[in-house]
Amino acid sequence: MSDQTATTRPAPPIAEDVAALRARVGQWRAAGEHVALVPTMGALHEGHLSLVRQGRAKADRVVVSIFVNPTQFGPGEDLARYPRTFEADCAALAPCADLVFAPQAQAMYPPGSSSMISLEGPATAGLEDAFRPGHFRGVATVVAKLLLQCGPDIALFGEKDYQQLKVIMRMVADLFMPVTILGGETVREADGLALSSRNRYLAADERARAPQLYAAMQRCAKAIVAGDDPATVLTREEAALVQAGFAVDYLALRDAESLGEPDPARPRRLLAAAKLGATRLIDNIAV
């Protein structure tokens with residue numbers, strides 16, 4: 001396909017309810033095609049699109065869901081002001097998606113709905129769940145619904161939300177769901193800031209300081225690999241971030257697979273969350 005053809009391709013069709021989604025996926029299944037799902041909350045950026053392209057490379061058809069899930073937002077969080085750019089999202093998906101699943105809240109949580117999924121263990125111990133109680137309960141529930149509604153062969157999630165990725169992998173394994181979960185590498189701006197739909201909330205001076213989070217994490221990882229005491233390194237870099245105007249929720253070293261306590265003999269992951277003004281940034285890197 002030429003670049004010109006790709007850019008002039010019409011926006012993908014939209015399924016607004018589960019019946020329409022399953023009907024379209026059923027047609028593909030009948031034709032022997034494999035299906036990839038990329039769940040999103042919209043306000044798409046290059047990080048999302050890289051996952052869609054990854055899905056396109058691994059499957060015959062790609063479904064992108066766009067649904068701002070209310071159950072993963074806590075009191076006082078930004079559900080009402082979360083960016084919603086549906087028309088622009090659909091246009092951006094034209095070259096690479098076959099279907100957009102865009103349900104309303106009542107389609108995902110019909111009247112009388114009462115079932116939610118809760119997880120226990122290292123993947124949900126501390127980090128995000130300590131600062132956003134119930135967050136992963138909402139994430140696991142909506143992702144389980146999407147996987148059951150679509151029935152994809154693979155589903156793709158960004159590594160920027162690393163703890164979320166591990167929670168979803170754990171849930172899928174525990175519930176024997178017949179889907180393969182794949183992670184996509186974090187996409188960054190030229191200055192290192194991880195792409196996020198919430199970055200648009202940063203004021204100009206905050207945007208200029210935001211890359212310091214990634215820089216601090218890189219210094220941490222380098223020092224830890226060099227043999228410095230992790231606790232000392234993390235304390236030093238957290239203090240530097242606070243000095244730079246960040247309100248740090250956590251800067252933590254964990255086991256890369258389980259998110260339990262780190263073992264120097266195993267792959268480790270450095271995870272961070274910090275606020276600049278009203279905007280909360282999260283990031284992670286391998287150690």
# chains A, B, ... in the order shown; residues from 1 in each chain; ligands from 1
>>> residues_around(residues="Leu79 in chain A", least_positions_apart="4", cutoff="12 Å", atoms="only C-alpha atoms", output="VMD selection string")
chain A and resid 41 67 to 75 83 to 84 198
>>> write_last_selection(atoms="N, CA and C atoms", output="PDB file, in the first residue's frame")
ATOM      1  N   MET A  41      -8.526   4.712  25.934  1.00  0.00           N
ATOM      2  CA  MET A  41      -9.525   5.655  26.419  1.00  0.00           C
ATOM      3  C   MET A  41      -9.582   6.875  25.499  1.00  0.00           C
ATOM      4  N   PHE A  67     -13.025   4.018  25.029  1.00  0.00           N
ATOM      5  CA  PHE A  67     -14.000   4.073  26.116  1.00  0.00           C
ATOM      6  C   PHE A  67     -13.323   4.637  27.351  1.00  0.00           C
ATOM      7  N   VAL A  68     -13.803   5.780  27.818  1.00  0.00           N
ATOM      8  CA  VAL A  68     -13.284   6.375  29.046  1.00  0.00           C
ATOM      9  C   VAL A  68     -13.989   5.675  30.200  1.00  0.00           C
ATOM     10  N   ASN A  69     -13.260   4.770  30.849  1.00  0.00           N
ATOM     11  CA  ASN A  69     -13.853   3.860  31.818  1.00  0.00           C
ATOM     12  C   ASN A  69     -14.047   4.530  33.184  1.00  0.00           C
ATOM     13  N   PRO A  70     -15.285   4.756  33.610  1.00  0.00           N
ATOM     14  CA  PRO A  70     -15.499   5.497  34.856  1.00  0.00           C
ATOM     15  C   PRO A  70     -15.046   4.751  36.105  1.00  0.00           C
ATOM     16  N   THR A  71     -15.013   3.420  36.076  1.00  0.00           N
ATOM     17  CA  THR A  71     -14.740   2.671  37.303  1.00  0.00           C
ATOM     18  C   THR A  71     -13.265   2.685  37.701  1.00  0.00           C
ATOM     19  N   GLN A  72     -12.376   3.182  36.835  1.00  0.00           N
ATOM     20  CA  GLN A  72     -10.970   3.241  37.221  1.00  0.00           C
ATOM     21  C   GLN A  72     -10.553   4.618  37.705  1.00  0.00           C
ATOM     22  N   PHE A  73     -11.509   5.554  37.761  1.00  0.00           N
ATOM     23  CA  PHE A  73     -11.246   6.890  38.289  1.00  0.00           C
ATOM     24  C   PHE A  73     -11.761   6.965  39.720  1.00  0.00           C
ATOM     25  N   GLY A  74     -10.949   7.499  40.603  1.00  0.00           N
ATOM     26  CA  GLY A  74     -11.354   7.659  41.987  1.00  0.00           C
ATOM     27  C   GLY A  74     -11.957   9.029  42.232  1.00  0.00           C
ATOM     28  N   PRO A  75     -12.462   9.266  43.440  1.00  0.00           N
ATOM     29  CA  PRO A  75     -13.008  10.580  43.798  1.00  0.00           C
ATOM     30  C   PRO A  75     -11.964  11.675  43.605  1.00  0.00           C
ATOM     31  N   PRO A  83      -9.420  14.117  28.360  1.00  0.00           N
ATOM     32  CA  PRO A  83      -9.601  14.586  26.973  1.00  0.00           C
ATOM     33  C   PRO A  83     -10.382  13.604  26.118  1.00  0.00           C
ATOM     34  N   ARG A  84     -11.343  14.145  25.377  1.00  0.00           N
ATOM     35  CA  ARG A  84     -12.158  13.337  24.476  1.00  0.00           C
ATOM     36  C   ARG A  84     -12.066  13.955  23.083  1.00  0.00           C
ATOM     37  N   ARG A 198      -2.470  12.843  29.028  1.00  0.00           N
ATOM     38  CA  ARG A 198      -2.552  13.898  30.041  1.00  0.00           C
ATOM     39  C   ARG A 198      -1.451  14.952  29.900  1.00  0.00           C
TER      40      ARG A 198
END
>>> select_by_dssp(residues="range 188-225 of chain A", states="alpha helix (DSSP H)", output="short mmCIF file (atom, residue, chain, number, x, y, z; two decimals) with N, CA and C atoms, in the first residue's frame")
data_model
loop_
_atom_site.label_atom_id
_atom_site.label_comp_id
_atom_site.auth_asym_id
_atom_site.auth_seq_id
_atom_site.Cartn_x
_atom_site.Cartn_y
_atom_site.Cartn_z
N ALA A 204 3.32 25.52 30.23
CA ALA A 204 4.58 25.61 29.48
C ALA A 204 5.79 25.36 30.37
N ASP A 205 5.80 25.97 31.57
CA ASP A 205 6.96 25.79 32.46
C ASP A 205 7.01 24.36 33.00
N GLU A 206 5.84 23.75 33.21
CA GLU A 206 5.80 22.36 33.68
C GLU A 206 6.29 21.41 32.59
N ARG A 207 5.89 21.70 31.36
CA ARG A 207 6.33 20.85 30.25
C ARG A 207 7.86 20.92 30.10
N ALA A 208 8.43 22.07 30.37
CA ALA A 208 9.88 22.20 30.27
C ALA A 208 10.60 21.39 31.34
N ARG A 209 9.97 21.24 32.51
CA ARG A 209 10.59 20.49 33.61
C ARG A 209 10.28 19.00 33.58
N GLN A 212 12.64 15.88 33.43
CA GLN A 212 13.55 15.60 34.55
C GLN A 212 13.17 14.29 35.26
N LEU A 213 11.91 13.88 35.14
CA LEU A 213 11.52 12.62 35.76
C LEU A 213 12.26 11.45 35.09
N TYR A 214 12.24 11.43 33.78
CA TYR A 214 12.94 10.37 33.04
C TYR A 214 14.44 10.45 33.28
N ALA A 215 14.98 11.67 33.32
CA ALA A 215 16.42 11.82 33.55
C ALA A 215 16.82 11.28 34.92
N ALA A 216 15.99 11.55 35.93
CA ALA A 216 16.28 11.05 37.27
C ALA A 216 16.23 9.52 37.30
N MET A 217 15.29 8.95 36.59
CA MET A 217 15.19 7.49 36.54
C MET A 217 16.40 6.89 35.84
N GLN A 218 16.86 7.52 34.80
CA GLN A 218 18.05 7.03 34.12
C GLN A 218 19.27 7.07 35.04
N ARG A 219 19.39 8.14 35.82
CA ARG A 219 20.51 8.22 36.77
C ARG A 219 20.40 7.12 37.82
N CYS A 220 19.19 6.88 38.28
CA CYS A 220 18.96 5.81 39.26
C CYS A 220 19.42 4.47 38.70
N ALA A 221 18.95 4.15 37.51
CA ALA A 221 19.26 2.86 36.92
C ALA A 221 20.76 2.69 36.73
N LYS A 222 21.42 3.74 36.26
CA LYS A 222 22.86 3.67 36.03
C LYS A 222 23.61 3.41 37.33
N ALA A 223 23.22 4.13 38.40
CA ALA A 223 23.89 3.99 39.68
C ALA A 223 23.64 2.60 40.29
N ILE A 224 22.41 2.11 40.17
CA ILE A 224 22.07 0.80 40.73
C ILE A 224 22.84 -0.30 40.01
N VAL A 225 22.89 -0.22 38.69
CA VAL A 225 23.64 -1.22 37.92
C VAL A 225 25.12 -1.16 38.26
#
>>> closest_residue(among="A:Pro95, A:Ala31, A:Ala144, A:Gly121", to="Phe176 in chain A", atoms="only C-alpha atoms")
A:Ala144
>>> residues_around(residues="Pro13 in chain A", least_positions_apart="5", cutoff="10 Å", atoms="only C-alpha atoms", output="ChimeraX atom specification")
/A:90,94,97-101
>>> closest_residue(among="A:Leu127, A:Ala286, A:Leu281, A:Leu148", to="Pro267 in chain A", atoms="only C-alpha atoms")
A:Ala286
>>> closest_residue(among="A:Asp249, A:Asp263, A:Glu87, A:Glu257", to="Phe131 in chain A", atoms="only C-alpha atoms")
A:Asp249
>>> closest_residue(among="A:Asn284, A:Thr279, A:Thr186, A:Ser115", to="Leu251 in chain A", atoms="only C-alpha atoms")
A:Asn284
>>> atom_distance(atom1="CA of Gln149 in chain A", atom2="CA of Ala43 in chain A")
22.3 Å
>>> atom_distance(atom1="CA of Leu270 in chain A", atom2="CA of Ala256 in chain A")
8.3 Å
>>> closest_residue(among="A:Val167, A:Ala226, A:Ala130, A:Leu44", to="Asn199 in chain A", atoms="only C-alpha atoms")
A:Leu44
